[in-house]
file protein.cif (mmCIF, N, CA and C atoms)
data_final
loop_
_atom_site.label_atom_id
_atom_site.label_comp_id
_atom_site.auth_asym_id
_atom_site.auth_seq_id
_atom_site.Cartn_x
_atom_site.Cartn_y
_atom_site.Cartn_z
N MET A 1 34.27 50.43 -40.53
CA MET A 1 33.67 51.15 -39.43
C MET A 1 32.50 50.33 -38.88
N THR A 2 32.32 50.35 -37.62
CA THR A 2 31.25 49.58 -37.00
C THR A 2 29.92 50.30 -37.14
N ARG A 3 28.84 49.57 -36.88
CA ARG A 3 27.52 50.16 -37.11
C ARG A 3 27.17 51.28 -36.13
N ASN A 4 27.82 51.34 -34.98
CA ASN A 4 27.46 52.33 -33.96
C ASN A 4 28.44 53.48 -33.85
N THR A 5 29.40 53.50 -34.75
CA THR A 5 30.32 54.63 -34.76
C THR A 5 30.40 55.16 -36.18
N LYS A 6 30.65 56.42 -36.31
CA LYS A 6 30.81 57.03 -37.62
C LYS A 6 32.16 57.73 -37.66
N PHE A 7 32.97 57.34 -38.61
CA PHE A 7 34.26 57.97 -38.81
C PHE A 7 35.11 57.97 -37.54
N GLY A 8 34.96 56.92 -36.72
CA GLY A 8 35.77 56.80 -35.52
C GLY A 8 35.30 57.66 -34.36
N ILE A 9 34.18 58.36 -34.52
CA ILE A 9 33.65 59.20 -33.45
C ILE A 9 32.73 58.34 -32.59
N ILE A 10 32.99 58.31 -31.32
CA ILE A 10 32.22 57.47 -30.41
C ILE A 10 30.99 58.23 -29.95
N GLY A 11 29.83 57.56 -30.02
CA GLY A 11 28.61 58.15 -29.50
C GLY A 11 28.76 58.39 -28.01
N PRO A 12 28.28 59.50 -27.53
CA PRO A 12 28.47 59.84 -26.12
C PRO A 12 27.66 58.94 -25.18
N LEU A 13 28.16 58.82 -23.99
CA LEU A 13 27.51 58.07 -22.92
C LEU A 13 27.47 58.96 -21.70
N SER A 14 26.29 59.09 -21.11
CA SER A 14 26.18 59.95 -19.93
C SER A 14 25.37 59.25 -18.85
N LEU A 15 25.57 59.72 -17.64
CA LEU A 15 24.89 59.20 -16.47
C LEU A 15 23.76 60.15 -16.11
N HIS A 16 22.53 59.66 -16.14
CA HIS A 16 21.40 60.45 -15.67
C HIS A 16 21.59 60.70 -14.17
N SER A 17 21.04 61.77 -13.66
CA SER A 17 21.23 62.09 -12.23
C SER A 17 20.71 60.97 -11.32
N ASP A 18 19.66 60.26 -11.72
CA ASP A 18 19.18 59.13 -10.92
C ASP A 18 20.24 58.03 -10.83
N ALA A 19 20.86 57.73 -11.96
CA ALA A 19 21.91 56.70 -11.98
C ALA A 19 23.13 57.16 -11.20
N ALA A 20 23.45 58.44 -11.29
CA ALA A 20 24.58 58.98 -10.51
C ALA A 20 24.29 58.83 -9.02
N ASN A 21 23.06 59.09 -8.62
CA ASN A 21 22.68 58.89 -7.21
C ASN A 21 22.77 57.41 -6.83
N ASP A 22 22.33 56.53 -7.73
CA ASP A 22 22.46 55.10 -7.47
C ASP A 22 23.92 54.73 -7.23
N LEU A 23 24.80 55.23 -8.10
CA LEU A 23 26.22 54.90 -8.00
C LEU A 23 26.83 55.49 -6.73
N ARG A 24 26.46 56.72 -6.38
CA ARG A 24 26.97 57.32 -5.14
C ARG A 24 26.54 56.50 -3.92
N GLY A 25 25.28 56.10 -3.90
CA GLY A 25 24.79 55.27 -2.79
C GLY A 25 25.49 53.93 -2.73
N LEU A 26 25.75 53.37 -3.89
CA LEU A 26 26.44 52.08 -3.95
C LEU A 26 27.89 52.22 -3.51
N MET A 27 28.52 53.35 -3.82
CA MET A 27 29.91 53.59 -3.38
C MET A 27 30.01 53.55 -1.85
N ILE A 28 28.96 53.98 -1.18
CA ILE A 28 28.95 53.96 0.28
C ILE A 28 28.61 52.56 0.79
N ALA A 29 27.58 51.95 0.22
CA ALA A 29 27.08 50.67 0.70
C ALA A 29 27.94 49.49 0.27
N ASN A 30 28.47 49.54 -0.94
CA ASN A 30 29.19 48.39 -1.48
C ASN A 30 30.25 48.89 -2.47
N PRO A 31 31.35 49.43 -1.97
CA PRO A 31 32.31 50.10 -2.83
C PRO A 31 32.99 49.21 -3.88
N GLY A 32 33.15 47.93 -3.61
CA GLY A 32 33.81 47.05 -4.58
C GLY A 32 33.07 47.00 -5.91
N PRO A 33 31.81 46.56 -5.91
CA PRO A 33 31.04 46.55 -7.16
C PRO A 33 30.86 47.95 -7.75
N ALA A 34 30.69 48.95 -6.90
CA ALA A 34 30.51 50.31 -7.39
C ALA A 34 31.73 50.77 -8.17
N SER A 35 32.91 50.45 -7.67
CA SER A 35 34.14 50.82 -8.37
C SER A 35 34.26 50.12 -9.71
N LYS A 36 33.84 48.87 -9.78
CA LYS A 36 33.89 48.13 -11.04
C LYS A 36 32.91 48.72 -12.05
N ILE A 37 31.74 49.11 -11.59
CA ILE A 37 30.75 49.73 -12.47
C ILE A 37 31.27 51.07 -12.97
N ALA A 38 31.81 51.88 -12.06
CA ALA A 38 32.35 53.19 -12.44
C ALA A 38 33.49 53.03 -13.46
N ALA A 39 34.36 52.05 -13.24
CA ALA A 39 35.48 51.82 -14.17
C ALA A 39 34.95 51.38 -15.54
N PHE A 40 33.94 50.51 -15.55
CA PHE A 40 33.36 50.08 -16.82
C PHE A 40 32.77 51.27 -17.58
N LEU A 41 32.01 52.10 -16.90
CA LEU A 41 31.38 53.25 -17.55
C LEU A 41 32.44 54.23 -18.07
N GLN A 42 33.48 54.44 -17.30
CA GLN A 42 34.55 55.34 -17.74
C GLN A 42 35.24 54.77 -18.97
N GLN A 43 35.51 53.47 -18.96
CA GLN A 43 36.15 52.84 -20.11
C GLN A 43 35.24 52.89 -21.34
N ALA A 44 33.94 52.69 -21.11
CA ALA A 44 32.98 52.70 -22.23
C ALA A 44 32.97 54.04 -22.96
N LYS A 45 33.20 55.11 -22.23
CA LYS A 45 33.19 56.44 -22.85
C LYS A 45 34.30 56.61 -23.88
N SER A 46 35.37 55.82 -23.76
CA SER A 46 36.49 56.01 -24.66
C SER A 46 36.84 54.77 -25.49
N ASP A 47 36.06 53.72 -25.36
CA ASP A 47 36.39 52.48 -26.07
C ASP A 47 35.30 52.16 -27.10
N PRO A 48 35.58 52.33 -28.38
CA PRO A 48 34.56 52.09 -29.41
C PRO A 48 34.08 50.64 -29.45
N ARG A 49 34.89 49.70 -28.98
CA ARG A 49 34.44 48.30 -28.96
C ARG A 49 33.32 48.11 -27.95
N ILE A 50 33.41 48.78 -26.82
CA ILE A 50 32.33 48.69 -25.83
C ILE A 50 31.10 49.39 -26.36
N ILE A 51 31.28 50.61 -26.85
CA ILE A 51 30.14 51.36 -27.40
C ILE A 51 29.43 50.54 -28.47
N ASP A 52 30.19 49.93 -29.36
CA ASP A 52 29.60 49.16 -30.44
C ASP A 52 28.81 47.96 -29.92
N SER A 53 29.22 47.38 -28.82
CA SER A 53 28.55 46.19 -28.30
C SER A 53 27.28 46.50 -27.52
N LEU A 54 27.08 47.75 -27.13
CA LEU A 54 25.95 48.08 -26.26
C LEU A 54 24.59 47.95 -26.92
N LEU A 55 24.55 47.74 -28.23
CA LEU A 55 23.28 47.50 -28.92
C LEU A 55 23.25 46.10 -29.55
N ASP A 56 24.13 45.25 -29.09
CA ASP A 56 24.24 43.89 -29.60
C ASP A 56 23.63 42.93 -28.57
N HIS A 57 22.34 42.65 -28.75
CA HIS A 57 21.64 41.79 -27.79
C HIS A 57 22.36 40.45 -27.63
N ASP A 58 22.58 40.08 -26.41
CA ASP A 58 23.26 38.86 -25.99
C ASP A 58 24.77 38.88 -26.22
N PHE A 59 25.32 40.07 -26.50
CA PHE A 59 26.78 40.18 -26.52
C PHE A 59 27.29 39.72 -25.16
N GLY A 60 28.28 38.84 -25.16
CA GLY A 60 28.89 38.38 -23.92
C GLY A 60 28.12 37.29 -23.20
N ASP A 61 27.04 36.80 -23.79
CA ASP A 61 26.25 35.76 -23.13
C ASP A 61 27.07 34.49 -22.90
N ASP A 62 28.05 34.26 -23.75
CA ASP A 62 28.90 33.07 -23.63
C ASP A 62 30.01 33.24 -22.59
N ARG A 63 30.04 34.38 -21.93
CA ARG A 63 31.01 34.72 -20.88
C ARG A 63 32.44 34.83 -21.40
N LYS A 64 32.60 34.92 -22.72
CA LYS A 64 33.94 35.12 -23.27
C LYS A 64 34.37 36.57 -23.14
N GLY A 65 33.42 37.47 -23.02
CA GLY A 65 33.70 38.88 -22.80
C GLY A 65 33.50 39.23 -21.34
N PRO A 66 33.80 40.45 -20.94
CA PRO A 66 33.70 40.84 -19.53
C PRO A 66 32.29 41.24 -19.09
N TYR A 67 31.32 41.25 -20.02
CA TYR A 67 29.98 41.68 -19.67
C TYR A 67 28.96 41.09 -20.65
N HIS A 68 27.70 41.16 -20.25
CA HIS A 68 26.60 40.65 -21.06
C HIS A 68 25.59 41.78 -21.29
N VAL A 69 25.19 41.97 -22.54
CA VAL A 69 24.24 43.01 -22.93
C VAL A 69 22.91 42.34 -23.29
N SER A 70 21.82 42.92 -22.83
CA SER A 70 20.52 42.40 -23.25
C SER A 70 19.48 43.51 -23.28
N LYS A 71 18.51 43.31 -24.17
CA LYS A 71 17.38 44.22 -24.27
C LYS A 71 16.46 43.99 -23.06
N TRP A 72 15.77 45.03 -22.67
CA TRP A 72 14.72 44.89 -21.67
C TRP A 72 13.45 44.63 -22.48
N PHE A 73 13.20 43.36 -22.78
CA PHE A 73 12.18 42.98 -23.76
C PHE A 73 10.78 43.48 -23.44
N GLU A 74 10.42 43.51 -22.18
CA GLU A 74 9.08 43.99 -21.80
C GLU A 74 8.80 45.36 -22.42
N PHE A 75 9.81 46.22 -22.42
CA PHE A 75 9.64 47.56 -22.97
C PHE A 75 10.14 47.66 -24.41
N TRP A 76 11.15 46.89 -24.76
CA TRP A 76 11.65 46.88 -26.13
C TRP A 76 10.51 46.56 -27.09
N ASN A 77 9.69 45.60 -26.72
CA ASN A 77 8.58 45.17 -27.57
C ASN A 77 7.47 46.22 -27.70
N THR A 78 7.51 47.24 -26.86
CA THR A 78 6.52 48.32 -26.95
C THR A 78 7.15 49.62 -27.46
N GLY A 79 8.40 49.53 -27.97
CA GLY A 79 9.01 50.68 -28.62
C GLY A 79 10.05 51.43 -27.81
N PHE A 80 10.31 51.02 -26.58
CA PHE A 80 11.33 51.69 -25.77
C PHE A 80 12.69 51.07 -26.06
N ASN A 81 13.70 51.90 -26.17
CA ASN A 81 15.06 51.46 -26.47
C ASN A 81 15.83 51.30 -25.16
N LEU A 82 15.40 50.32 -24.36
CA LEU A 82 15.98 50.09 -23.04
C LEU A 82 16.79 48.80 -23.03
N TRP A 83 17.95 48.87 -22.37
CA TRP A 83 18.91 47.79 -22.33
C TRP A 83 19.46 47.63 -20.91
N ARG A 84 20.21 46.53 -20.70
CA ARG A 84 20.92 46.36 -19.44
C ARG A 84 22.24 45.66 -19.68
N VAL A 85 23.21 45.95 -18.82
CA VAL A 85 24.53 45.31 -18.85
C VAL A 85 24.74 44.61 -17.52
N LYS A 86 25.22 43.39 -17.62
CA LYS A 86 25.62 42.60 -16.46
C LYS A 86 27.12 42.38 -16.57
N LEU A 87 27.89 42.79 -15.56
CA LEU A 87 29.34 42.62 -15.58
C LEU A 87 29.70 41.25 -14.99
N TRP A 88 30.47 40.49 -15.74
CA TRP A 88 30.90 39.16 -15.28
C TRP A 88 32.04 39.29 -14.27
N THR A 89 32.09 38.34 -13.36
CA THR A 89 33.20 38.20 -12.41
C THR A 89 33.69 36.76 -12.49
N PHE A 90 34.72 36.44 -11.75
CA PHE A 90 35.22 35.06 -11.73
C PHE A 90 34.18 34.10 -11.16
N LYS A 91 33.35 34.59 -10.27
CA LYS A 91 32.37 33.74 -9.59
C LYS A 91 30.98 33.80 -10.23
N GLY A 92 30.79 34.55 -11.26
CA GLY A 92 29.48 34.70 -11.88
C GLY A 92 29.32 36.10 -12.43
N SER A 93 28.55 36.91 -11.72
CA SER A 93 28.37 38.30 -12.15
C SER A 93 28.27 39.19 -10.93
N LEU A 94 28.49 40.48 -11.17
CA LEU A 94 28.28 41.46 -10.09
C LEU A 94 26.82 41.39 -9.67
N SER A 95 26.55 41.84 -8.48
CA SER A 95 25.18 41.84 -7.97
C SER A 95 24.35 43.00 -8.48
N TYR A 96 24.89 43.78 -9.41
CA TYR A 96 24.21 44.97 -9.90
C TYR A 96 24.18 45.00 -11.41
N ARG A 97 23.17 45.65 -11.96
CA ARG A 97 23.01 45.79 -13.40
C ARG A 97 22.97 47.27 -13.76
N ILE A 98 23.46 47.57 -14.95
CA ILE A 98 23.42 48.94 -15.47
C ILE A 98 22.29 48.99 -16.48
N VAL A 99 21.31 49.85 -16.23
CA VAL A 99 20.16 50.00 -17.14
C VAL A 99 20.37 51.29 -17.92
N TYR A 100 20.24 51.20 -19.25
CA TYR A 100 20.48 52.37 -20.08
C TYR A 100 19.53 52.40 -21.27
N ALA A 101 19.46 53.56 -21.88
CA ALA A 101 18.65 53.77 -23.08
C ALA A 101 19.57 54.31 -24.17
N TYR A 102 19.13 54.13 -25.39
CA TYR A 102 19.90 54.63 -26.53
C TYR A 102 19.00 55.52 -27.37
N GLN A 103 19.51 56.69 -27.73
CA GLN A 103 18.81 57.63 -28.59
C GLN A 103 19.47 57.58 -29.97
N PRO A 104 18.85 56.88 -30.94
CA PRO A 104 19.49 56.73 -32.25
C PRO A 104 19.77 58.05 -32.98
N SER A 105 18.89 59.02 -32.85
CA SER A 105 19.08 60.26 -33.60
C SER A 105 20.34 61.02 -33.20
N THR A 106 20.77 60.85 -31.97
CA THR A 106 21.98 61.53 -31.49
C THR A 106 23.13 60.56 -31.20
N GLN A 107 22.87 59.28 -31.34
CA GLN A 107 23.82 58.22 -30.99
C GLN A 107 24.31 58.40 -29.56
N HIS A 108 23.38 58.68 -28.68
CA HIS A 108 23.70 58.95 -27.28
C HIS A 108 23.15 57.84 -26.39
N TYR A 109 24.01 57.36 -25.50
CA TYR A 109 23.62 56.37 -24.50
C TYR A 109 23.38 57.09 -23.18
N HIS A 110 22.25 56.80 -22.55
CA HIS A 110 21.90 57.40 -21.26
C HIS A 110 21.82 56.29 -20.23
N VAL A 111 22.72 56.29 -19.26
CA VAL A 111 22.61 55.35 -18.15
C VAL A 111 21.54 55.90 -17.22
N LEU A 112 20.48 55.12 -17.04
CA LEU A 112 19.31 55.60 -16.29
C LEU A 112 19.25 55.07 -14.86
N ALA A 113 19.88 53.93 -14.61
CA ALA A 113 19.82 53.34 -13.27
C ALA A 113 20.90 52.29 -13.10
N ILE A 114 21.25 52.08 -11.86
CA ILE A 114 22.08 50.95 -11.47
C ILE A 114 21.26 50.22 -10.42
N VAL A 115 20.89 48.99 -10.74
CA VAL A 115 19.94 48.24 -9.91
C VAL A 115 20.56 46.94 -9.41
N HIS A 116 20.08 46.48 -8.28
CA HIS A 116 20.52 45.19 -7.76
C HIS A 116 19.97 44.09 -8.66
N ARG A 117 20.69 43.00 -8.77
CA ARG A 117 20.25 41.92 -9.66
C ARG A 117 18.91 41.32 -9.23
N ASP A 118 18.51 41.53 -7.98
CA ASP A 118 17.21 41.03 -7.52
C ASP A 118 16.04 41.89 -8.01
N PHE A 119 16.35 43.04 -8.59
CA PHE A 119 15.31 43.88 -9.21
C PHE A 119 14.59 43.03 -10.24
N ASP A 120 13.26 42.99 -10.17
CA ASP A 120 12.51 42.04 -10.98
C ASP A 120 12.04 42.58 -12.34
N TYR A 121 12.33 43.82 -12.65
CA TYR A 121 12.00 44.42 -13.95
C TYR A 121 10.49 44.44 -14.22
N GLN A 122 9.69 44.36 -13.19
CA GLN A 122 8.24 44.43 -13.37
C GLN A 122 7.81 45.84 -13.74
N THR A 123 6.79 45.94 -14.58
CA THR A 123 6.38 47.25 -15.10
C THR A 123 5.86 48.18 -14.01
N ASP A 124 5.32 47.63 -12.93
CA ASP A 124 4.75 48.48 -11.89
C ASP A 124 5.71 48.76 -10.74
N HIS A 125 6.93 48.26 -10.83
CA HIS A 125 7.92 48.48 -9.77
C HIS A 125 8.31 49.95 -9.73
N ALA A 126 8.57 50.48 -8.54
CA ALA A 126 8.93 51.89 -8.38
C ALA A 126 10.19 52.26 -9.17
N ILE A 127 11.16 51.38 -9.19
CA ILE A 127 12.39 51.67 -9.95
C ILE A 127 12.09 51.69 -11.45
N THR A 128 11.27 50.78 -11.91
CA THR A 128 10.87 50.78 -13.32
C THR A 128 10.19 52.10 -13.67
N GLN A 129 9.30 52.54 -12.82
CA GLN A 129 8.60 53.80 -13.07
C GLN A 129 9.58 54.98 -13.07
N ARG A 130 10.56 54.94 -12.19
CA ARG A 130 11.60 55.99 -12.17
C ARG A 130 12.40 55.99 -13.46
N ILE A 131 12.74 54.80 -13.96
CA ILE A 131 13.50 54.67 -15.21
C ILE A 131 12.68 55.21 -16.38
N LEU A 132 11.41 54.87 -16.43
CA LEU A 132 10.55 55.36 -17.52
C LEU A 132 10.38 56.87 -17.46
N LEU A 133 10.28 57.42 -16.26
CA LEU A 133 10.17 58.87 -16.11
C LEU A 133 11.45 59.55 -16.62
N ALA A 134 12.60 59.01 -16.28
CA ALA A 134 13.87 59.55 -16.77
C ALA A 134 13.94 59.44 -18.29
N TYR A 135 13.55 58.31 -18.83
CA TYR A 135 13.55 58.08 -20.28
C TYR A 135 12.72 59.16 -20.98
N ARG A 136 11.52 59.35 -20.47
CA ARG A 136 10.62 60.34 -21.09
C ARG A 136 11.13 61.77 -20.90
N SER A 137 11.69 62.05 -19.73
CA SER A 137 12.15 63.42 -19.46
C SER A 137 13.33 63.80 -20.36
N LEU A 138 14.09 62.81 -20.81
CA LEU A 138 15.22 63.06 -21.70
C LEU A 138 14.79 63.17 -23.16
N GLY A 139 13.52 62.87 -23.42
CA GLY A 139 13.00 62.98 -24.79
C GLY A 139 13.50 61.87 -25.71
N ILE A 140 13.85 60.73 -25.13
CA ILE A 140 14.32 59.61 -25.94
C ILE A 140 13.13 59.07 -26.74
N THR A 141 13.34 58.87 -28.01
CA THR A 141 12.24 58.45 -28.88
C THR A 141 11.86 57.00 -28.64
N THR A 142 10.62 56.71 -28.94
CA THR A 142 10.14 55.34 -28.97
C THR A 142 9.72 55.05 -30.41
N THR A 143 9.65 53.78 -30.73
CA THR A 143 9.34 53.41 -32.11
C THR A 143 7.87 53.14 -32.32
N ARG A 144 7.07 53.24 -31.31
CA ARG A 144 5.62 53.00 -31.45
C ARG A 144 4.85 54.16 -30.86
#
call {"tool": "encode", "arguments": {"input": "protein.cif", "output": "structure tokens"}}
result
Amino acid sequence: MTRNTKFGIIGPLSLHSDAANDLRGLMIANPGPASKIAAFLQQAKSDPRIIDSLLDHDFGDDRKGPYHVSKWFEFWNTGFNLWRVKLWTFKGSLSYRIVYAYQPSTQHYHVLAIVHRDFDYQTDHAITQRILLAYRSLGITTTR
């Protein structure tokens, strides 16, 4: 059994309303990438291999897999369990990233935002503040 699943039961993955709004807006503005993100999230809900990789920093960095997982170190180092996924394409990667948090006590993944790759992840950015507000409102624990 893998470290992120117990007895074959997959930890749940859900879309926060902010991320759902991001995806809806993206479906209108840029349906191609939005459809790929939606398909990835749907597949992740039922594929234990994807679920297991979502806490494996630098999974897919070698581009042998269909996506790359990384910690959001600025916040990880201060106790927040924040991550991002970049989906690979034939030409590089999608122009959007999936930002999510993990709640160890419930083994629940919360997709908090879908951001353009130009998002700079700065602590004072409005999107960063929105992500942190969602994180806190869901009661996701921090380690510090």
call {"tool": "resolve_selection", "arguments": {"input": "protein.cif", "expression": "the PyMOL selection byres ((chain A and resi 81) around 5)", "output": "PyMOL selection string"}}
result
chain A and resi 79-80+82-83+101-102
call {"tool": "residues_around", "arguments": {"input": "protein.cif", "residues": "range 65-78 of chain A", "least_positions_apart": "6", "cutoff": "7 Å", "atoms": "only N, CA and C atoms", "output": "list in words"}}
result
Ser53, Leu54, Asp56, His57, Asp58, Phe59, Arg84, Val85, Lys86, Leu87, Trp88, Thr89, Thr142, Thr143 and Arg144 of chain A
call {"tool": "resolve_selection", "arguments": {"input": "protein.cif", "expression": "the PyMOL selection byres (((chain A and resi 132 and name CA) around 10) and name CA)", "output": "number ranges by chain"}}
result
A: 75, 80, 82, 101, 112, 123, 126-131, 133-138
call {"tool": "atom_distance", "arguments": {"input": "protein.cif", "atom1": "atom N of Pro48 in chain A", "atom2": "atom C of Asp61 in chain A"}}
result
20.5 Å
call {"tool": "select_by_dssp", "arguments": {"input": "protein.cif", "residues": "chain A", "states": "helix (DSSP H, G or I)", "output": "tab-separated table (two decimals) with N, CA and C atoms, in the frame of the given file"}}
result
chain	number	residue	atom	x	y	z
A	17	SER	N	21.04	61.77	-13.66
A	17	SER	CA	21.23	62.09	-12.23
A	17	SER	C	20.71	60.97	-11.32
A	18	ASP	N	19.66	60.26	-11.72
A	18	ASP	CA	19.18	59.13	-10.92
A	18	ASP	C	20.24	58.03	-10.83
A	19	ALA	N	20.86	57.73	-11.96
A	19	ALA	CA	21.91	56.70	-11.98
A	19	ALA	C	23.13	57.16	-11.20
A	20	ALA	N	23.45	58.44	-11.29
A	20	ALA	CA	24.58	58.98	-10.51
A	20	ALA	C	24.29	58.83	-9.02
A	21	ASN	N	23.06	59.09	-8.62
A	21	ASN	CA	22.68	58.89	-7.21
A	21	ASN	C	22.77	57.41	-6.83
A	22	ASP	N	22.33	56.53	-7.73
A	22	ASP	CA	22.46	55.10	-7.47
A	22	ASP	C	23.92	54.73	-7.23
A	23	LEU	N	24.80	55.23	-8.10
A	23	LEU	CA	26.22	54.90	-8.00
A	23	LEU	C	26.83	55.49	-6.73
A	24	ARG	N	26.46	56.72	-6.38
A	24	ARG	CA	26.97	57.32	-5.14
A	24	ARG	C	26.54	56.50	-3.92
A	25	GLY	N	25.28	56.10	-3.90
A	25	GLY	CA	24.79	55.27	-2.79
A	25	GLY	C	25.49	53.93	-2.73
A	26	LEU	N	25.75	53.37	-3.89
A	26	LEU	CA	26.44	52.08	-3.95
A	26	LEU	C	27.89	52.22	-3.51
A	27	MET	N	28.52	53.35	-3.82
A	27	MET	CA	29.91	53.59	-3.38
A	27	MET	C	30.01	53.55	-1.85
A	28	ILE	N	28.96	53.98	-1.18
A	28	ILE	CA	28.95	53.96	0.28
A	28	ILE	C	28.61	52.56	0.79
A	29	ALA	N	27.58	51.95	0.22
A	29	ALA	CA	27.08	50.67	0.70
A	29	ALA	C	27.94	49.49	0.27
A	31	PRO	N	31.35	49.43	-1.97
A	31	PRO	CA	32.31	50.10	-2.83
A	31	PRO	C	32.99	49.21	-3.88
A	32	GLY	N	33.15	47.93	-3.61
A	32	GLY	CA	33.81	47.05	-4.58
A	32	GLY	C	33.07	47.00	-5.91
A	33	PRO	N	31.81	46.56	-5.91
A	33	PRO	CA	31.04	46.55	-7.16
A	33	PRO	C	30.86	47.95	-7.75
A	34	ALA	N	30.69	48.95	-6.90
A	34	ALA	CA	30.51	50.31	-7.39
A	34	ALA	C	31.73	50.77	-8.17
A	35	SER	N	32.91	50.45	-7.67
A	35	SER	CA	34.14	50.82	-8.37
A	35	SER	C	34.26	50.12	-9.71
A	36	LYS	N	33.84	48.87	-9.78
A	36	LYS	CA	33.89	48.13	-11.04
A	36	LYS	C	32.91	48.72	-12.05
A	37	ILE	N	31.74	49.11	-11.59
A	37	ILE	CA	30.75	49.73	-12.47
A	37	ILE	C	31.27	51.07	-12.97
A	38	ALA	N	31.81	51.88	-12.06
A	38	ALA	CA	32.35	53.19	-12.44
A	38	ALA	C	33.49	53.03	-13.46
A	39	ALA	N	34.36	52.05	-13.24
A	39	ALA	CA	35.48	51.82	-14.17
A	39	ALA	C	34.95	51.38	-15.54
A	40	PHE	N	33.94	50.51	-15.55
A	40	PHE	CA	33.36	50.08	-16.82
A	40	PHE	C	32.77	51.27	-17.58
A	41	LEU	N	32.01	52.10	-16.90
A	41	LEU	CA	31.38	53.25	-17.55
A	41	LEU	C	32.44	54.23	-18.07
A	42	GLN	N	33.48	54.44	-17.30
A	42	GLN	CA	34.55	55.34	-17.74
A	42	GLN	C	35.24	54.77	-18.97
A	43	GLN	N	35.51	53.47	-18.96
A	43	GLN	CA	36.15	52.84	-20.11
A	43	GLN	C	35.24	52.89	-21.34
A	44	ALA	N	33.94	52.69	-21.11
A	44	ALA	CA	32.98	52.70	-22.23
A	44	ALA	C	32.97	54.04	-22.96
A	45	LYS	N	33.20	55.11	-22.23
A	45	LYS	CA	33.19	56.44	-22.85
A	45	LYS	C	34.30	56.61	-23.88
A	46	SER	N	35.37	55.82	-23.76
A	46	SER	CA	36.49	56.01	-24.66
A	46	SER	C	36.84	54.77	-25.49
A	48	PRO	N	35.58	52.33	-28.38
A	48	PRO	CA	34.56	52.09	-29.41
A	48	PRO	C	34.08	50.64	-29.45
A	49	ARG	N	34.89	49.70	-28.98
A	49	ARG	CA	34.44	48.30	-28.96
A	49	ARG	C	33.32	48.11	-27.95
A	50	ILE	N	33.41	48.78	-26.82
A	50	ILE	CA	32.33	48.69	-25.83
A	50	ILE	C	31.10	49.39	-26.36
A	51	ILE	N	31.28	50.61	-26.85
A	51	ILE	CA	30.14	51.36	-27.40
A	51	ILE	C	29.43	50.54	-28.47
A	52	ASP	N	30.19	49.93	-29.36
A	52	ASP	CA	29.60	49.16	-30.44
A	52	ASP	C	28.81	47.96	-29.92
A	53	SER	N	29.22	47.38	-28.82
A	53	SER	CA	28.55	46.19	-28.30
A	53	SER	C	27.28	46.50	-27.52
A	73	PHE	N	13.20	43.36	-22.78
A	73	PHE	CA	12.18	42.98	-23.76
A	73	PHE	C	10.78	43.48	-23.44
A	74	GLU	N	10.42	43.51	-22.18
A	74	GLU	CA	9.08	43.99	-21.80
A	74	GLU	C	8.80	45.36	-22.42
A	75	PHE	N	9.81	46.22	-22.42
A	75	PHE	CA	9.64	47.56	-22.97
A	75	PHE	C	10.14	47.66	-24.41
A	76	TRP	N	11.15	46.89	-24.76
A	76	TRP	CA	11.65	46.88	-26.13
A	76	TRP	C	10.51	46.56	-27.09
A	126	ALA	N	8.57	50.48	-8.54
A	126	ALA	CA	8.93	51.89	-8.38
A	126	ALA	C	10.19	52.26	-9.17
A	127	ILE	N	11.16	51.38	-9.19
A	127	ILE	CA	12.39	51.67	-9.95
A	127	ILE	C	12.09	51.69	-11.45
A	128	THR	N	11.27	50.78	-11.91
A	128	THR	CA	10.87	50.78	-13.32
A	128	THR	C	10.19	52.10	-13.67
A	129	GLN	N	9.30	52.54	-12.82
A	129	GLN	CA	8.60	53.80	-13.07
A	129	GLN	C	9.58	54.98	-13.07
A	130	ARG	N	10.56	54.94	-12.19
A	130	ARG	CA	11.60	55.99	-12.17
A	130	ARG	C	12.40	55.99	-13.46
A	131	ILE	N	12.74	54.80	-13.96
A	131	ILE	CA	13.50	54.67	-15.21
A	131	ILE	C	12.68	55.21	-16.38
A	132	LEU	N	11.41	54.87	-16.43
A	132	LEU	CA	10.55	55.36	-17.52
A	132	LEU	C	10.38	56.87	-17.46
A	133	LEU	N	10.28	57.42	-16.26
A	133	LEU	CA	10.17	58.87	-16.11
A	133	LEU	C	11.45	59.55	-16.62
A	134	ALA	N	12.60	59.01	-16.28
A	134	ALA	CA	13.87	59.55	-16.77
A	134	ALA	C	13.94	59.44	-18.29
A	135	TYR	N	13.55	58.31	-18.83
A	135	TYR	CA	13.55	58.08	-20.28
A	135	TYR	C	12.72	59.16	-20.98
A	136	ARG	N	11.52	59.35	-20.47
A	136	ARG	CA	10.62	60.34	-21.09
A	136	ARG	C	11.13	61.77	-20.90
A	137	SER	N	11.69	62.05	-19.73
A	137	SER	CA	12.15	63.42	-19.46
A	137	SER	C	13.33	63.80	-20.36
call {"tool": "decode", "arguments": {"input": "protein.cif", "residues": "range 25-30 of chain A", "atoms": "N, CA and C atoms", "output": "PDB file, in the first residue's frame"}}
result
ATOM      1  N   GLY A  25     -14.167  30.410 -15.214  1.00  0.00           N
ATOM      2  CA  GLY A  25     -13.664  31.548 -15.996  1.00  0.00           C
ATOM      3  C   GLY A  25     -12.707  31.107 -17.086  1.00  0.00           C
ATOM      4  N   LEU A  26     -11.883  30.139 -16.761  1.00  0.00           N
ATOM      5  CA  LEU A  26     -10.927  29.621 -17.739  1.00  0.00           C
ATOM      6  C   LEU A  26     -11.639  28.871 -18.861  1.00  0.00           C
ATOM      7  N   MET A  27     -12.729  28.178 -18.533  1.00  0.00           N
ATOM      8  CA  MET A  27     -13.511  27.465 -19.563  1.00  0.00           C
ATOM      9  C   MET A  27     -14.036  28.442 -20.619  1.00  0.00           C
ATOM     10  N   ILE A  28     -14.334  29.656 -20.200  1.00  0.00           N
ATOM     11  CA  ILE A  28     -14.814  30.671 -21.138  1.00  0.00           C
ATOM     12  C   ILE A  28     -13.646  31.299 -21.895  1.00  0.00           C
ATOM     13  N   ALA A  29     -12.595  31.667 -21.163  1.00  0.00           N
ATOM     14  CA  ALA A  29     -11.480  32.391 -21.751  1.00  0.00           C
ATOM     15  C   ALA A  29     -10.533  31.499 -22.550  1.00  0.00           C
ATOM     16  N   ASN A  30     -10.326  30.280 -22.081  1.00  0.00           N
ATOM     17  CA  ASN A  30      -9.331  29.412 -22.703  1.00  0.00           C
ATOM     18  C   ASN A  30      -9.744  27.951 -22.501  1.00  0.00           C
TER      19      ASN A  30
END
